[in-house]
Structure formats: structure tokens, C-alpha cells
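Presented below is the structure to which this report refers.
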Number of protein chains: 2
Amino acid sequence: MGAMTAETVLDRLATAVPPARIRTDAATLESYSHDDAEWAPCEPPLAVVLAETVDDVAAVVRIAGESGLRVVARGSGTGLSGGANAVADCIVVSLERMTAVLEINEAERYVVAQAGVLNDVLRATVGERGLWYPPDPASSAISTIGGNAATNAGGICCVKYGVTCDYVLGMTVVLADGSVVRLGRTTAKGVVGYDLTHLMVGSEGTLGIIVELTLRLLPLGGREERAVVGSFPSLETAGVAVAAITAAGILPSALELIDRTCLRAVDDWQHLGLPHEVEAMLLAKVDDPGAAGEAAAGRLAELMAGAGAVGVERATDPAEVDRLFRARRLAYPALERLGPVLTEDVCVPRGAVPEMLTRIQAAADDNDVTIANLAHAGDGNLHPLIIAPEGDDAAKARAKAAFDRIVEDCLALGGTVTGEHGVGLLKLPGAGDELGPRVLAMHRAIKDALDPRGILNPGKAFPA
Amino acid sequence: MGAMTAETVLDRLATAVPPARIRTDAATLESYSHDDAEWAPCEPPLAVVLAETVDDVAAVVRIAGESGLRVVARGSGTGLSGGANAVADCIVVSLERMTAVLEINEAERYVVAQAGVLNDVLRATVGERGLWYPPDPASSAISTIGGNAATNAGGICCVKYGVTCDYVLGMTVVLADGSVVRLGRTTAKGVVGYDLTHLMVGSEGTLGIIVELTLRLLPLGGREERAVVGSFPSLETAGVAVAAITAAGILPSALELIDRTCLRAVDDWQHLGLPHEVEAMLLAKVDDPGAAGEAAAGRLAELMAGAGAVGVERATDPAEVDRLFRARRLAYPALERLGPVLTEDVCVPRGAVPEMLTRIQAAADDNDVTIANLAHAGDGNLHPLIIAPEGDDAAKARAKAAFDRIVEDCLALGGTVTGEHGVGLLKLPGAGDELGPRVLAMHRAIKDALDPRGILNPGKAFPA
């Protein structure tokens with residue numbers, strides 16, 4: 001570490017942050033040293049600060065900067081790329097205690113909330129006022145809006161409603177010198193200066209620490225959910241259905257794919273009576289109200305049948321819609337029961353989904369690993385889930401080889417190495433290949449401009 | 001200028017760009033020295049390059065950089081803030097000849113087009129393939145998509161469908177060192193690295209020159225336009241209707257306001273039989289299909305009547321919808337017939353629209369100028385149009401005083417000094433007040449990082 005001893009730094013921290021918010025016990029240091037990414041490297045932090053105010057965060061950044069330390073900010077640590085993993089000589093600042101919803105403005109349709117508010121809590125809170133915050137990452141029950149913004153999280157309804165950045169109007173950010181600024185606006189439109197708000201979104205805490213967000217909302221009403229779920233005899237036929245749905249100009253509010261491995265894992269666990277002979281299921285929703293929604297749902301069912309579905313179920317009753325989507329929700333925890341899951345996040349052009357699924361199966365076969373597939377099929381965003389038995393180093397190496405192969409294949413098909421999870425640590429090599437040297441140089445120039453001492457989450461988001 | 005004589009620079013340019021594309025005659029220099037902003041300062045450029053290829057643009061930037069010159073890029077020069085105005089010792093590079101639509105991908109719903117394609121041409125071209133590019137600035141017939149992206153242009157349908165940045169997936173950019181990079185993606189989602197695409201959008205050519213855009217599209221079908229137009233006895237009652245529509249959770253696809261001065265100017269010119277006793281009109285559209293759209297239109301009509309409209313007209317026939325919106329389309333040219341128009345672009349919270357309209361009238365009265373009001377009322381984006389008789393310097397000074405007063409009032413109401421036109425030159429002081437010193441320092445740091453010699457459109461977008 002830098003010029004000061006750890007003890008001196010902790011003493012200084014304790015003069016600026018209430019000591020009860022500073023943790024240095026081994027168990028806390030360990031549990032805050034990493035997020036949910038399997039096998040991403042991490043180091044124990046020097047201290048964890050459970051920030052409760054913007055001033056706490058600013059003090060940590062200021063003192064770290066003066067002390068030659070780094071700062072890694074995190075929400076609830078649900079990331080899947082290692083973006084919140086602690087690095088050498090760092091202080092981890094957790095925003096999970098900053099949970100105030102500060103303002104709900106119904107007339108302007110926005111909410112101002114601290115970074116540590118859980119996504120589902122935000123959605124429920126604004127829902128009580130007739131407003132809707134669409135972005136719905138699978139982690140919505142446990143992930144924070146600050147983490148969602150720092151990674152530009154996606155979700156299931158993105159296919160129609162966009163991702164986190166589409167809803168961020170403004171924010172309060174702690175900069176690398178410990179100063180606090182407001183970026184963006186609360187008005188519906190605004191183009192003053194550079195779009196620093198969107199530069200911060202997805203920057204994984206490397207350019208500033210988002211402590212408060214102003215989020216655009218939609219009216220809650222006016223939508224009616226209709227689910228259409230098709231069972232397919234092969235991944236290929238499911239892929240054909242996805243292409244047909246896109247070509248027909250239908251905008252579903254969800255279009256998810258689950259393969260047999262996922263379905264079996266869910267059924268073995270929860271005994272939902274899912275069909276074992278089915279190779280893939282497509283779970284679609286439309287939310288247009290009335291006759292338009294009914295027509296779109298009918299068309300979805302026809303297109304699925306036309307593509308070769310062996311069965312198509314429809315539902316409009318909310319409980320029944322929920323039941324049809326249960327397998328999607330349970331798939332990830334069901335697979336985690338089978339062993340550590342290395343989660344991929346490639347995104348390819350929609351038309352390349354069938355080819356990418358074929359290549360993923362080849363990567364599994366060639367490396368002798370099990371890969372299950374969950375996909376936001378309507379976005380071309382695939383989550384191959386590579387499963388390796390606990391404690392088997394050879395299997396882990398084979399899983400890593402399959403992971404690298406999938407990244408290569410995705411780039412070859414015109415895709416991006418991360419659709420919604422972020423670069424973190426796991427996607428650094430792929431990000432380098434995708435961005436190329438000149439664009440990486442732009443990243444370094446901007447990082448140096450806004451964080452000249454390199455104290456904010458160094459080594460993340462793009463390769464050095 | 002820098003180390004070389006003008007002649008030497010022009011000689012070097014002529015070795016890299018076909019000489020027919022280089023203009024130095026006085027008439028061309030004059031007509032390319034400014035955009036459509038009244039009274040923004042400009043200087044004659046040293047030369048105008050009518051670029052036809054990416055290489056032309058890159059060569060201009062490279063040679064300018066080596067020669068100590070600056071480069072001002074422009075589309076068709078329809079900007080209203082002076083962002084495309086030439087500066088001392090500069091070469092103007094026009095992209096208006098780069099008009100190729102390079103790819104329309106129906107499966108992925110995107111279009112790749114050169115920067116000089118006109119907005120309406122792009123919309124018509126993708127429309128033939130069943131696709132829709134929503135952003136519709138009032139200048140859509142004459143403005144380029146490159147200029148739209150460089151200024152993050154808005155338009156009428158933004159209230160429901162968002163602005164240009166919401167549709168920019170990626171781009172090709174010429175950087176300040178003359179290198180050419182691809183930013184962004186063609187996939188539906190993607191979060192690799194910093195969001196440099198959105199950093200470029202709205203940066204007014206100060207960080208790079210956008211030469212090609214990849215734009216996200218929506219399906220063209222599935223919408224049915226219904227117009228509801230209300231005539232109001234006062235601006236206040238129209239403002240009350242806007243607030244009631246927002247509060248009711250209706251998402252109109254257009255919600256425009258026109259005041260009496262505009263209506264009279266249009267009617268005096270075109271004799272449309274517009275009601276002279278009316279103080280304001282609200283022009284709304286909804287585009288939900290079928291019963292949902294019919295219900296929303298009915299509710300709009302009720303809310304307008306409830307707020308005090310003296311008449312409400314409705315239309316579903318496309319020609320009739322078009323007729324009802326004609327006054328909106330003709331308002332700006334009608335006013336320009338009355339004298340030079342200094343166009344404001346403040347955006348306030350929707351709820352502050354009535355108060356802002358009152359303050360605008362006070363600014364007009366106190367400064368003895370005529371101000372007409374056009375507004376994207378549903379966005380809170382107001383365009384007070386300050387009219388000054390040609391050649392009257394005292395009137396011009398009074399108009400400028402009213403302009404400054406409106407900027408101050410908008411900030412006092414929590415607004416932004418530019419909703420969609422950009423900072424350019426006219427809004428530099430207001431932008432400084434709005435952003436504050438620390439955020440301005442971030443702007444300078446990023447500008448220095450990406451354009452260390454300061455050759456790209458210096459002095460625009462944010463105050464030095």
C-alpha cells in the first residue's frame with residue numbers, strides 16, 4: 001500500500017465516519033471481498049465502510065486518495081462479473097444502508113432514491129403511487145438500483161422497455177477527489193453539456209460512485225399481461241420461432257428461452273410437472289391492452305406452432321401468467337444447486353441465436369462440461385450457465401475454456417461479450433478484443449481525466 | 001492561425017481530398033459560416049470541404065491538426081444555437097453529401113446510414129421496409145441524422161418515444177487525431193466498456209465527428225393515430241389541461257401547445273380559418289390501436305373540456321389528423337415572415353409550464369418585445385420565439401435581454417436551459433450557470449482527454 005500504515009488510515013477514517021460503520025473483522029472483510037461471480041480474483045479489503053450518508057462515501061474517497069488507497073463501491077454484491085470484487089490496498093464502501101426513497105414526483109413521473117434501495121422495493125414503492133419502474137433484472141429482489149445503474153443492468157422486459165440507462169435521468173455522484181456533483185436533470189428532456197449521466201451508467205464505479213439516482217417512471221396502468229408459452233422439440237425450432245416473431249413486427253414485453261437442462265433442474269427441485277421430453281421452452285408475454293393484446297398473443301401462439309412447437313399454453317389471469325413464468329424465475333437457483341455456475345452473458349444479433357446455441361453446445365461437448373441455457377431470446381442475450389462440480393480443478397479449467405470459446409464465438413457472430421452483466425473482471429480479455437486498441441485508449445484517457453490517481457475500482461470495466 | 005500559411009494548408013488539403021470537394025469562394029465561405037441561430041457570432045472559415053467519404057473527413061481533421069487549425073463539422077446547418085458556426089482559423093467540413101443508407105436490417109431492426117442522410121429520407125426509406133425511426137424534429141425535412149445525433153435532437157413524438165439518443169446504437173466517428181473508430185453495437189443490448197456512444201451524442205462535434213450511425217428502429221405497424229385538439233380561452237387553462245393529462249397517466253404520442261401569436265401568424269399567412277378569439281390550442285395525439293386508443297382519445301377530450309376548452313375537435317382519418325396539426329407545422333415559418341426569430345428552448349418540469357408561460361409573457365412585456373409560444377407541452381419543453389424587426393438594433397438588444405431573462409426564470413423553476421436545441425454558442429452562459437464549476441471541470445477534462453489540441457469545434461457545447 002501507499003505512504004501510510006493501515007492503522008493510520010483507519011484512524012483517519014474513524015475521525016470522518018462514525019466508527020460503528022467501519023468494519024475490519026475477518027468475516028466481514030471476506031464476505032465483502034467479492035460479488036456473485038464464480039472464480040473472479042479478489043483480495044481482502046483493508047476495511048469495509050457501511051456508508052449511511054453521502055458524506056460517508058465522500059470521506060472514504062477523500063481519505064483513500066490522500067492515503068494512496070483504492071475504493072471499491074458496491075451495492076448488495078449480486079454482480080456476476082466480479083465488478084465489485086475488492087482489489088489490493090482498498091477500502092470497500094457498501095451503499096446497501098442508503099435506502100431512502102427521497103421523492104416521488106407523480107406529475108413529472110420520476111423518483112429520487114438513494115443507491116442502496118433494492119430494485120423490487122423501488123418498484124413496489126412507486127407502484128403504490130400508480131407509477132412503474134420497468135427495468136427488472138432477475139436479481140430484482142436482492143440487487144440495488146445503484147448497482148443496477150453502475151452495471152447498466154437489463155432484465156426480462158428490456159426487449160420492449162429498454163435497460164437501466166433508458167430510465168436514468170440524473171444522479172448524485174461522488175467523484176475521485178471526494179467532491180459531490182449532481183449530473184443530469186429532472187425535466188423530461190435536456191441536452192445541456194456532455195451526457196455525463198450515461199457515461200457514469202455502466203462504468204462500474206471506475207469514474208465516480210453513484211450515491212443517488214433520479215429515475216424516469218412510466219404510468220403503471222394501461223397494460224394487460226398475456227403469456228404465451230411454447231414447448232419445442234429442439235433448440236433450433238425455438239430459434240426459428242424467435243426469428244418469426246421478430247420478423248412479424250410483434251414487440252413482446254418478454255421473450256425468454258429455457259433449455260432442457262434448466263427445465264430438468266427446476267423440475268427435479270420443485271416438481272412442477274414440466275415436460276421432460278421437451279428440449280426448449282419459449283416464454284413470451286405481450287402487454288398491449290384489449291383486442292390488440294389478444295391479437296398479438298394469438299399471433300405469437302400461431303407463430304410458435306408454425307415453427308414446430310409441440311404444445312402452446314396461453315394465460316391472461318395474473319396468477320396463471322405467473323405460474324407459466326415460474327420455471328424462468330427458478331432456473332438460476334435450481335442450477336446453482338448442481339454446483340458452482342459460471343454465468344455467461346453474450347449478446348448476439350437476434351438472427352444469430354440458433355447458430356450461437358449450436359456453438360455453445362459444441363463448446364460444452366468439446367470441453368466435456370455441462371452448459372444449461374437461459375436466454376433473453378428476444379434480445380439475443382444468452383446466458384449459457386457453465387456448471388462445474390465443487391472442488392474439481394480440472395473441471396473448473398474445462399469450464400473456463402468453454403467460457404473463453406463462447407466469447408470468441410459471440411464476437412465472430414457480430415455480438416458483444418456482455419449484454420447486461422458488465423465487464424467486471426471476467427470479461428476483461430473479451431472486452432479488449434471487442435473494443436480494440438484505439439477505443440481502449442479513449443477509455444484510458446477518460447479514466448485518467450476523471451480519476452487521475454486511479455483510486456476508483458481500478459482494473460475493472462476495461463482492460464488496462 | 002498557426003504555423004502554416006493558409007495557402008500551404010490548402011495545398012496539403014488538395015493532396016488528400018479531391019479538389020472539387022474543396023471550396024474557398026466568398027459566397028460558399030459565407031453560407032457555411034453559420035447555422036440557423038439568429039445573432040450567434042461566426043467567422044468566415046478558411047475553406048469548406050464538402051466531404052463525400054469518411055477518408056475526406058479524416059484527412060481534414062488530420063491536416064487541420066498538423067496545421068494548427070480547427071475543424072467545425074456540420075450537417076445541413078439547421079441548428080438554432082450556433083453550434084455549427086465557424087470559428088477563427090477553421091475548416092468547415094460539411095457531411096451533407098454523405099447520404100448513403102448502408103444497411104437496413106429488418107431482423108435486428110436497425111439501420112446503418114451516413115451522417116448526411118436527411119431525417120425524413122431515413123424515415124421514408126426504413127418505412128418501405130415496415131420499420132419506423134421515431135425521432136421527428138420539426139426540421140426533419142431538412143436536417144441530417146448526423147446533426148440530429150450531434151445535438152441529440154428531440155421532436156414532437158418524444159413525449160412518448162424519446163429523443164435521438166434513445167435510438168443511437170452505435171456510430172463511426174472521426175477522432176481528433178484523424179483516426180476512425182466504431183463505437184457501440186448492432187445488438188439489442190450491450191454494456192461493454194464506457195458508453196462512449198452516448199458521450200458523442202449531443203457533444204456538438206467537440207469530441208469527434210460522427211460520420212455514420214447505427215440507429216435502432218421500431219416496427220412501423222401496430223399504431224393508429226387519433227388527434228384531439230382543444231381551443232382554450234387562456235394559456236393558464238391550457239396549462240391546467242396538460243397537468244390533468246399527465247396526472248391521468250395517459251401517454252400521448254404528441255402534446256403540443258400553440259399560442260395566439262403563432263395561430264394568428266399562421267392564419268394571416270395561410271388563411272386556415274383558425275379561431276382568432278382563442279388564446280391557445282393544445283394539439284394531442286394518441287397512437288394506441290383499437291379500443292385502447294379510442295378510450296385514451298375520449299379521455300383526452302374530456303380532460304381538455306374539463307380544464308375549460310371552448311372547443312375540442314377529434315380526428316382519426318390520417319388526412320384529418322394532418323389537417324388538425326397543420327398549424328403546428330406552419331408556426332415557425334409563419335413567424336419567420338414577421339422578422340428574425342430568436343428561438344428559445346428552455347425545458348421546465350411539466351407542472352411548471354403555466355408559471356413559465358406567465359414569466360415569458362412578463363419578459364416580453366418588460367422588454368417591449370413580441371414573444372410567440374410554441375411548446376412541446378407534454379415534455380415541458382417551451383420554444384418562446386422572440387421576434388425583432390430586421391435592422392432595429394435597439395429591438396435586438398431588448399430581445400436579447402428577454403432571452404437572458406427567460407433562461408434565468410427557467411433555472412429558477414428547476415428547468416434546463418436547453419431541452420433539445422443544444423448549447424452551441426447562444427446557451428453558453430446559461431449552461432455555465434446550470435452545470436456549475438465542478439461539472440464544467442469534468443467537461444474540460446473530458447474534452448482535453450479526447451481532443452488535447454482543442455481542434456474540434458472549440459468554444460461550443462460548454463463554456464470554457
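Residues in the C-alpha cells are numbered from 1 in each chain, the chains being A, B, ... in the order shown, and ligands are numbered from 1 in the order shown.
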
Within 9 Å of Glu355 (chain B) using only C-alpha atoms, minus same-chain residues under 6 positions, as a list in words: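 Residues meeting the cut-off are Glu236, Gly239 and Leu413 of chain B.
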
Could you pull the residues within 9 Å of region 364-368 of chain A, counting only C-alpha atoms, minus those fewer than 4 positions along the same chain, as a PDB file with C-alpha atoms, in the first residue's frame?
ATOM      1  CA  ARG A 359     -21.845 -23.264 -30.951  1.00  0.00           C
ATOM      2  CA  ILE A 360     -22.497 -23.227 -27.199  1.00  0.00           C
ATOM      3  CA  ILE A 386     -21.497 -23.479 -17.192  1.00  0.00           C
ATOM      4  CA  ALA A 395     -13.494 -29.355 -14.406  1.00  0.00           C
ATOM      5  CA  ARG A 398     -12.524 -27.014 -18.723  1.00  0.00           C
ATOM      6  CA  ALA A 399     -15.378 -24.671 -17.751  1.00  0.00           C
ATOM      7  CA  ALA A 401     -12.015 -22.983 -21.620  1.00  0.00           C
ATOM      8  CA  ALA A 402     -15.667 -23.281 -22.656  1.00  0.00           C
TER       9      ALA A 402
END

Test item: residues at most 9 Å from region 144-159 of chain A, only C-alpha atoms, excluding those fewer than 4 positions along its chain, as a ChimeraX atom specification: /A:74-79,83,95-96,113-120,122,134-140,163-165,168,200-205,209-213,251-256,376-379,419-424 /B:188-189,191

Sel. of strand (DSSP E or B) residues, region 144-357 of chain A, as a ChimeraX atom specification: /A:144,168-174,180-184,209-216,218-219,226-232,254-259,280-286,311-315,341-343,347

Region 341-350 of chain A environment, 9 Å, only C-alpha atoms, sequence neighbours closer than 5 positions dropped, as a ChimeraX atom specification: /A:37-39,80-81,242-243,246,332,335-336,356,375,377-388,399-400,403,406-407,410-411,413-422 /B:107-108,186-190

Helix (DSSP H, G or I) positions in region 25-122 of chain A, given as number ranges by chain: A: 26-31, 54-67, 119-122

Could you please take those selected residues and save N, CA and C atoms as a PDB file, in the first residue's frame?
ATOM      1  N   ALA A  26     -12.403 -10.178  10.224  1.00  0.00           N
ATOM      2  CA  ALA A  26     -12.068 -11.051   9.098  1.00  0.00           C
ATOM      3  C   ALA A  26     -13.303 -11.536   8.339  1.00  0.00           C
ATOM      4  N   ALA A  27     -14.373 -11.867   9.076  1.00  0.00           N
ATOM      5  CA  ALA A  27     -15.555 -12.406   8.406  1.00  0.00           C
ATOM      6  C   ALA A  27     -16.184 -11.356   7.496  1.00  0.00           C
ATOM      7  N   THR A  28     -16.272 -10.109   7.982  1.00  0.00           N
ATOM      8  CA  THR A  28     -16.849  -9.044   7.152  1.00  0.00           C
ATOM      9  C   THR A  28     -15.939  -8.764   5.953  1.00  0.00           C
ATOM     10  N   LEU A  29     -14.636  -8.686   6.216  1.00  0.00           N
ATOM     11  CA  LEU A  29     -13.711  -8.428   5.104  1.00  0.00           C
ATOM     12  C   LEU A  29     -13.867  -9.507   4.032  1.00  0.00           C
ATOM     13  N   GLU A  30     -14.011 -10.757   4.455  1.00  0.00           N
ATOM     14  CA  GLU A  30     -14.148 -11.840   3.478  1.00  0.00           C
ATOM     15  C   GLU A  30     -15.462 -11.697   2.713  1.00  0.00           C
ATOM     16  N   SER A  31     -16.563 -11.481   3.427  1.00  0.00           N
ATOM     17  CA  SER A  31     -17.853 -11.509   2.727  1.00  0.00           C
ATOM     18  C   SER A  31     -18.028 -10.297   1.815  1.00  0.00           C
ATOM     19  N   VAL A  54     -24.130  10.396   2.112  1.00  0.00           N
ATOM     20  CA  VAL A  54     -23.253  10.817   1.017  1.00  0.00           C
ATOM     21  C   VAL A  54     -21.903  11.264   1.582  1.00  0.00           C
ATOM     22  N   ASP A  55     -21.950  11.932   2.729  1.00  0.00           N
ATOM     23  CA  ASP A  55     -20.703  12.389   3.361  1.00  0.00           C
ATOM     24  C   ASP A  55     -19.796  11.217   3.727  1.00  0.00           C
ATOM     25  N   ASP A  56     -20.386  10.117   4.180  1.00  0.00           N
ATOM     26  CA  ASP A  56     -19.572   8.926   4.481  1.00  0.00           C
ATOM     27  C   ASP A  56     -18.790   8.499   3.231  1.00  0.00           C
ATOM     28  N   VAL A  57     -19.495   8.428   2.113  1.00  0.00           N
ATOM     29  CA  VAL A  57     -18.862   7.965   0.870  1.00  0.00           C
ATOM     30  C   VAL A  57     -17.764   8.945   0.455  1.00  0.00           C
ATOM     31  N   ALA A  58     -18.084  10.239   0.519  1.00  0.00           N
ATOM     32  CA  ALA A  58     -17.110  11.264   0.120  1.00  0.00           C
ATOM     33  C   ALA A  58     -15.874  11.199   1.017  1.00  0.00           C
ATOM     34  N   ALA A  59     -16.094  10.973   2.316  1.00  0.00           N
ATOM     35  CA  ALA A  59     -14.965  10.911   3.254  1.00  0.00           C
ATOM     36  C   ALA A  59     -14.063   9.725   2.923  1.00  0.00           C
ATOM     37  N   VAL A  60     -14.658   8.574   2.625  1.00  0.00           N
ATOM     38  CA  VAL A  60     -13.862   7.392   2.278  1.00  0.00           C
ATOM     39  C   VAL A  60     -12.999   7.684   1.048  1.00  0.00           C
ATOM     40  N   VAL A  61     -13.615   8.288   0.033  1.00  0.00           N
ATOM     41  CA  VAL A  61     -12.868   8.559  -1.206  1.00  0.00           C
ATOM     42  C   VAL A  61     -11.746   9.567  -0.940  1.00  0.00           C
ATOM     43  N   ARG A  62     -12.051  10.592  -0.165  1.00  0.00           N
ATOM     44  CA  ARG A  62     -11.052  11.630   0.112  1.00  0.00           C
ATOM     45  C   ARG A  62      -9.869  11.047   0.886  1.00  0.00           C
ATOM     46  N   ILE A  63     -10.188  10.303   1.941  1.00  0.00           N
ATOM     47  CA  ILE A  63      -9.117   9.755   2.781  1.00  0.00           C
ATOM     48  C   ILE A  63      -8.329   8.690   2.033  1.00  0.00           C
ATOM     49  N   ALA A  64      -9.018   7.874   1.245  1.00  0.00           N
ATOM     50  CA  ALA A  64      -8.308   6.874   0.443  1.00  0.00           C
ATOM     51  C   ALA A  64      -7.340   7.565  -0.514  1.00  0.00           C
ATOM     52  N   GLY A  65      -7.826   8.623  -1.159  1.00  0.00           N
ATOM     53  CA  GLY A  65      -6.978   9.342  -2.107  1.00  0.00           C
ATOM     54  C   GLY A  65      -5.736   9.913  -1.443  1.00  0.00           C
ATOM     55  N   GLU A  66      -5.930  10.482  -0.261  1.00  0.00           N
ATOM     56  CA  GLU A  66      -4.790  11.065   0.469  1.00  0.00           C
ATOM     57  C   GLU A  66      -3.827   9.989   0.957  1.00  0.00           C
ATOM     58  N   SER A  67      -4.344   8.750   1.084  1.00  0.00           N
ATOM     59  CA  SER A  67      -3.559   7.685   1.695  1.00  0.00           C
ATOM     60  C   SER A  67      -2.968   6.711   0.683  1.00  0.00           C
ATOM     61  N   ASN A 119     -34.149  -2.939  -6.002  1.00  0.00           N
ATOM     62  CA  ASN A 119     -34.964  -2.752  -7.197  1.00  0.00           C
ATOM     63  C   ASN A 119     -36.442  -3.059  -6.920  1.00  0.00           C
ATOM     64  N   ASP A 120     -36.739  -4.200  -6.311  1.00  0.00           N
ATOM     65  CA  ASP A 120     -38.139  -4.559  -6.043  1.00  0.00           C
ATOM     66  C   ASP A 120     -38.809  -3.588  -5.074  1.00  0.00           C
ATOM     67  N   VAL A 121     -38.036  -3.097  -4.113  1.00  0.00           N
ATOM     68  CA  VAL A 121     -38.596  -2.144  -3.150  1.00  0.00           C
ATOM     69  C   VAL A 121     -38.965  -0.852  -3.877  1.00  0.00           C
ATOM     70  N   LEU A 122     -38.078  -0.408  -4.752  1.00  0.00           N
ATOM     71  CA  LEU A 122     -38.376   0.793  -5.536  1.00  0.00           C
ATOM     72  C   LEU A 122     -39.637   0.594  -6.367  1.00  0.00           C
TER      73      LEU A 122
END

Surrounding residues of Gly170 (chain A) excluding itself and chain neighbours under 6 positions, 7 Å, only C-alpha atoms, as an MDAnalysis selection string: chainID A and resid 183:186 197 213:214

Test item: residues at most 8 Å from region 222-231 of chain A, only C-alpha atoms, excluding those fewer than 3 positions along its chain, as a PyMOL selection string: chain A and resi 219+278-290+293-294+297+300-301+304-305+309-318+321+324

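Separating CA of Phe232 (chain A) from CA of Gly308 (chain A) is a distance of 6.6 Å.
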
Nearest-residue call for chain A, choices B:Asn105, B:Gln270, B:Thr261, B:Thr237, using only C-alpha atoms: B:Asn105

Given only C-alpha atoms as the counted atoms, nearest of B:Ala441, B:Ile104, B:Ala265, B:Leu10 to chain A: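 Of B:Ala441, B:Ile104, B:Ala265, B:Leu10, the one nearest chain A is B:Ala441, counting only C-alpha atoms.
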
Residue neighbourhood region 69-71 of chain B, 8 Å, only C-alpha atoms, exclusion window fewer than 2 positions, as number ranges by chain: B: 1-2, 60-61, 64-67, 73, 87-93, 454-458

Could you please take those selected residues and save C-alpha atoms as a JSON list (two decimals), in the first residue's frame?
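Result went into again01.json, see below:
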[["chain", "number", "residue", "atom", "x", "y", "z"],
["B", 1, "MET", "CA", -3.66, 30.98, -37.46],
["B", 2, "GLY", "CA", -0.91, 28.51, -36.65],
["B", 60, "VAL", "CA", -9.41, 17.31, -42.97],
["B", 61, "VAL", "CA", -9.04, 16.59, -39.24],
["B", 64, "ALA", "CA", -6.02, 20.73, -39.62],
["B", 65, "GLY", "CA", -4.35, 19.24, -36.56],
["B", 66, "GLU", "CA", -0.93, 19.33, -38.20],
["B", 67, "SER", "CA", -1.53, 22.90, -39.32],
["B", 73, "ALA", "CA", -18.37, 19.84, -38.74],
["B", 87, "VAL", "CA", -14.72, 29.95, -35.67],
["B", 88, "ALA", "CA", -11.44, 31.72, -36.38],
["B", 89, "ASP", "CA", -8.83, 29.72, -38.33],
["B", 90, "CYS", "CA", -11.12, 26.83, -39.13],
["B", 91, "ILE", "CA", -12.03, 24.49, -41.90],
["B", 92, "VAL", "CA", -15.74, 23.71, -42.14],
["B", 93, "VAL", "CA", -16.41, 20.13, -43.11],
["B", 454, "GLY", "CA", -8.60, 21.55, -28.96],
["B", 455, "ILE", "CA", -9.16, 21.41, -32.71],
["B", 456, "LEU", "CA", -12.73, 20.09, -32.82],
["B", 457, "ASN", "CA", -15.39, 22.84, -32.78],
["B", 458, "PRO", "CA", -13.73, 24.77, -29.96]]

Point-to-point distance in Å for CA of Ala291 (chain B) and CA of Glu128 (chain A):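 If I compute the distance from CA of Glu128 (chain A) to CA of Ala291 (chain B), I get 26.5 Å.
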
Counting only C-alpha atoms, the option among B:Asp166, B:Glu106, B:Asp267, B:Glu408 closest to Ala244 (chain A):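 Of the candidates, the smallest distance to Ala244 (chain A) is held by B:Glu106.
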
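Relative to CA of Ala362 (chain B), CA of Arg405 (chain B) is found at 9.6 Å.
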